[in-house]
Amino acid sequence: MIDRYTRPAMKAIFDADHRLEVMFHVEKVSAKVLAEKGIIDQQKVAELLEAKVRLDPKRMDEIEETTRHDIISFLTMISEQLPDGARSILHYGMTSQDLIDTAGALLYLP
């Protein structure tokens with residue numbers, strides 16, 4: 001966004017850090033729902049929810065230089081920080097577009 005045409009509140013909505021937070025939130029909620037339905041293991045979801053993940057746009061950019069795919073770089077950045085159980089259920093049953101569309105719809109929520 002071009003700063004002179006953007007108000008601070010609008011810029012914050014589309015900020016890279018905020019976008020990554022919302023995307024990770026979508027991943028966690030999706031995993032919780034799948035566990036509630038008995039599709040994936042509750043313990044693995046607990047590992048995902050308890051993991052201390054640092055969302056790092058610079059690391060994502062580094063990974064994307066190789067993958068040439070924004071969602072694969074996002075998932076790889078997170079996976080690097082997860083225990084094996086949580087890593088195995090991250091993005092389970094989702095497509096890249098599922099994540100992009102859902103997170104995009106949620107960006108403006110407080």
# chains A, B, ... in the order shown; residues from 1 in each chain; ligands from 1
$ residues_around --residues "stretch 57-73 of chain A" --least-positions-apart "5" --cutoff "9 Å" --atoms "only C-alpha atoms" --output "list of chain:residue names"
A:Ala16, A:Asp17, A:Leu20, A:Ile78, A:Ser96, A:Leu99, A:Ile100
$ residues_around --residues "A:Lys32" --least-positions-apart "2" --cutoff "10 Å" --atoms "only C-alpha atoms" --output "PyMOL selection string"
chain A and resi 26-30+34-42+44-46+48-49
$ select_by_dssp --residues "chain A" --states "helix (DSSP H, G or I)" --output "PyMOL selection string"
chain A and resi 3-5+8-13+16-36+42-50+57-67+70-79+84-89+96-106
$ atom_distance --atom1 "atom CA of A:Phe14" --atom2 "atom CA of A:Glu50"
26.2 Å
$ atom_distance --atom1 "atom CA of A:Asp15" --atom2 "atom CA of A:Asp98"
20.1 Å
$ closest_residue --among "A:Gln97, A:Glu47, A:Thr102, A:Leu107" --to "A:Gln81" --atoms "only C-alpha atoms"
A:Glu47
$ atom_distance --atom1 "atom CA of A:Ala105" --atom2 "atom CA of A:Lys52"
25.2 Å
$ decode --residues "stretch 4-36 of chain A" --atoms "C-alpha atoms" --output "PDB file, in the first residue's frame"
ATOM      1  CA  ARG A   4       0.183   8.753   1.333  1.00  0.00           C
ATOM      2  CA  TYR A   5      -3.062   7.153   0.124  1.00  0.00           C
ATOM      3  CA  THR A   6      -3.612   4.917   3.133  1.00  0.00           C
ATOM      4  CA  ARG A   7      -4.982   5.693   6.539  1.00  0.00           C
ATOM      5  CA  PRO A   8      -3.245   3.946   9.469  1.00  0.00           C
ATOM      6  CA  ALA A   9      -6.257   1.789  10.340  1.00  0.00           C
ATOM      7  CA  MET A  10      -6.542   0.505   6.769  1.00  0.00           C
ATOM      8  CA  LYS A  11      -2.806  -0.083   6.492  1.00  0.00           C
ATOM      9  CA  ALA A  12      -2.892  -2.157   9.698  1.00  0.00           C
ATOM     10  CA  ILE A  13      -5.543  -4.449   8.232  1.00  0.00           C
ATOM     11  CA  PHE A  14      -3.362  -5.375   5.276  1.00  0.00           C
ATOM     12  CA  ASP A  15      -0.049  -5.406   7.151  1.00  0.00           C
ATOM     13  CA  ALA A  16       2.022  -8.530   6.447  1.00  0.00           C
ATOM     14  CA  ASP A  17       2.329  -9.426  10.129  1.00  0.00           C
ATOM     15  CA  HIS A  18      -1.434  -9.156  10.619  1.00  0.00           C
ATOM     16  CA  ARG A  19      -2.111 -11.254   7.515  1.00  0.00           C
ATOM     17  CA  LEU A  20       0.196 -14.015   8.794  1.00  0.00           C
ATOM     18  CA  GLU A  21      -1.456 -13.945  12.224  1.00  0.00           C
ATOM     19  CA  VAL A  22      -4.880 -14.381  10.641  1.00  0.00           C
ATOM     20  CA  MET A  23      -3.635 -17.174   8.379  1.00  0.00           C
ATOM     21  CA  PHE A  24      -2.155 -19.040  11.343  1.00  0.00           C
ATOM     22  CA  HIS A  25      -5.390 -18.503  13.272  1.00  0.00           C
ATOM     23  CA  VAL A  26      -7.304 -20.136  10.390  1.00  0.00           C
ATOM     24  CA  GLU A  27      -4.924 -23.108  10.470  1.00  0.00           C
ATOM     25  CA  LYS A  28      -5.422 -23.561  14.217  1.00  0.00           C
ATOM     26  CA  VAL A  29      -9.217 -23.235  14.118  1.00  0.00           C
ATOM     27  CA  SER A  30      -9.420 -25.662  11.207  1.00  0.00           C
ATOM     28  CA  ALA A  31      -7.370 -28.207  13.156  1.00  0.00           C
ATOM     29  CA  LYS A  32      -9.559 -27.765  16.253  1.00  0.00           C
ATOM     30  CA  VAL A  33     -12.743 -28.383  14.276  1.00  0.00           C
ATOM     31  CA  LEU A  34     -11.286 -31.447  12.545  1.00  0.00           C
ATOM     32  CA  ALA A  35     -10.263 -32.844  15.934  1.00  0.00           C
ATOM     33  CA  GLU A  36     -13.732 -32.200  17.363  1.00  0.00           C
TER      34      GLU A  36
END
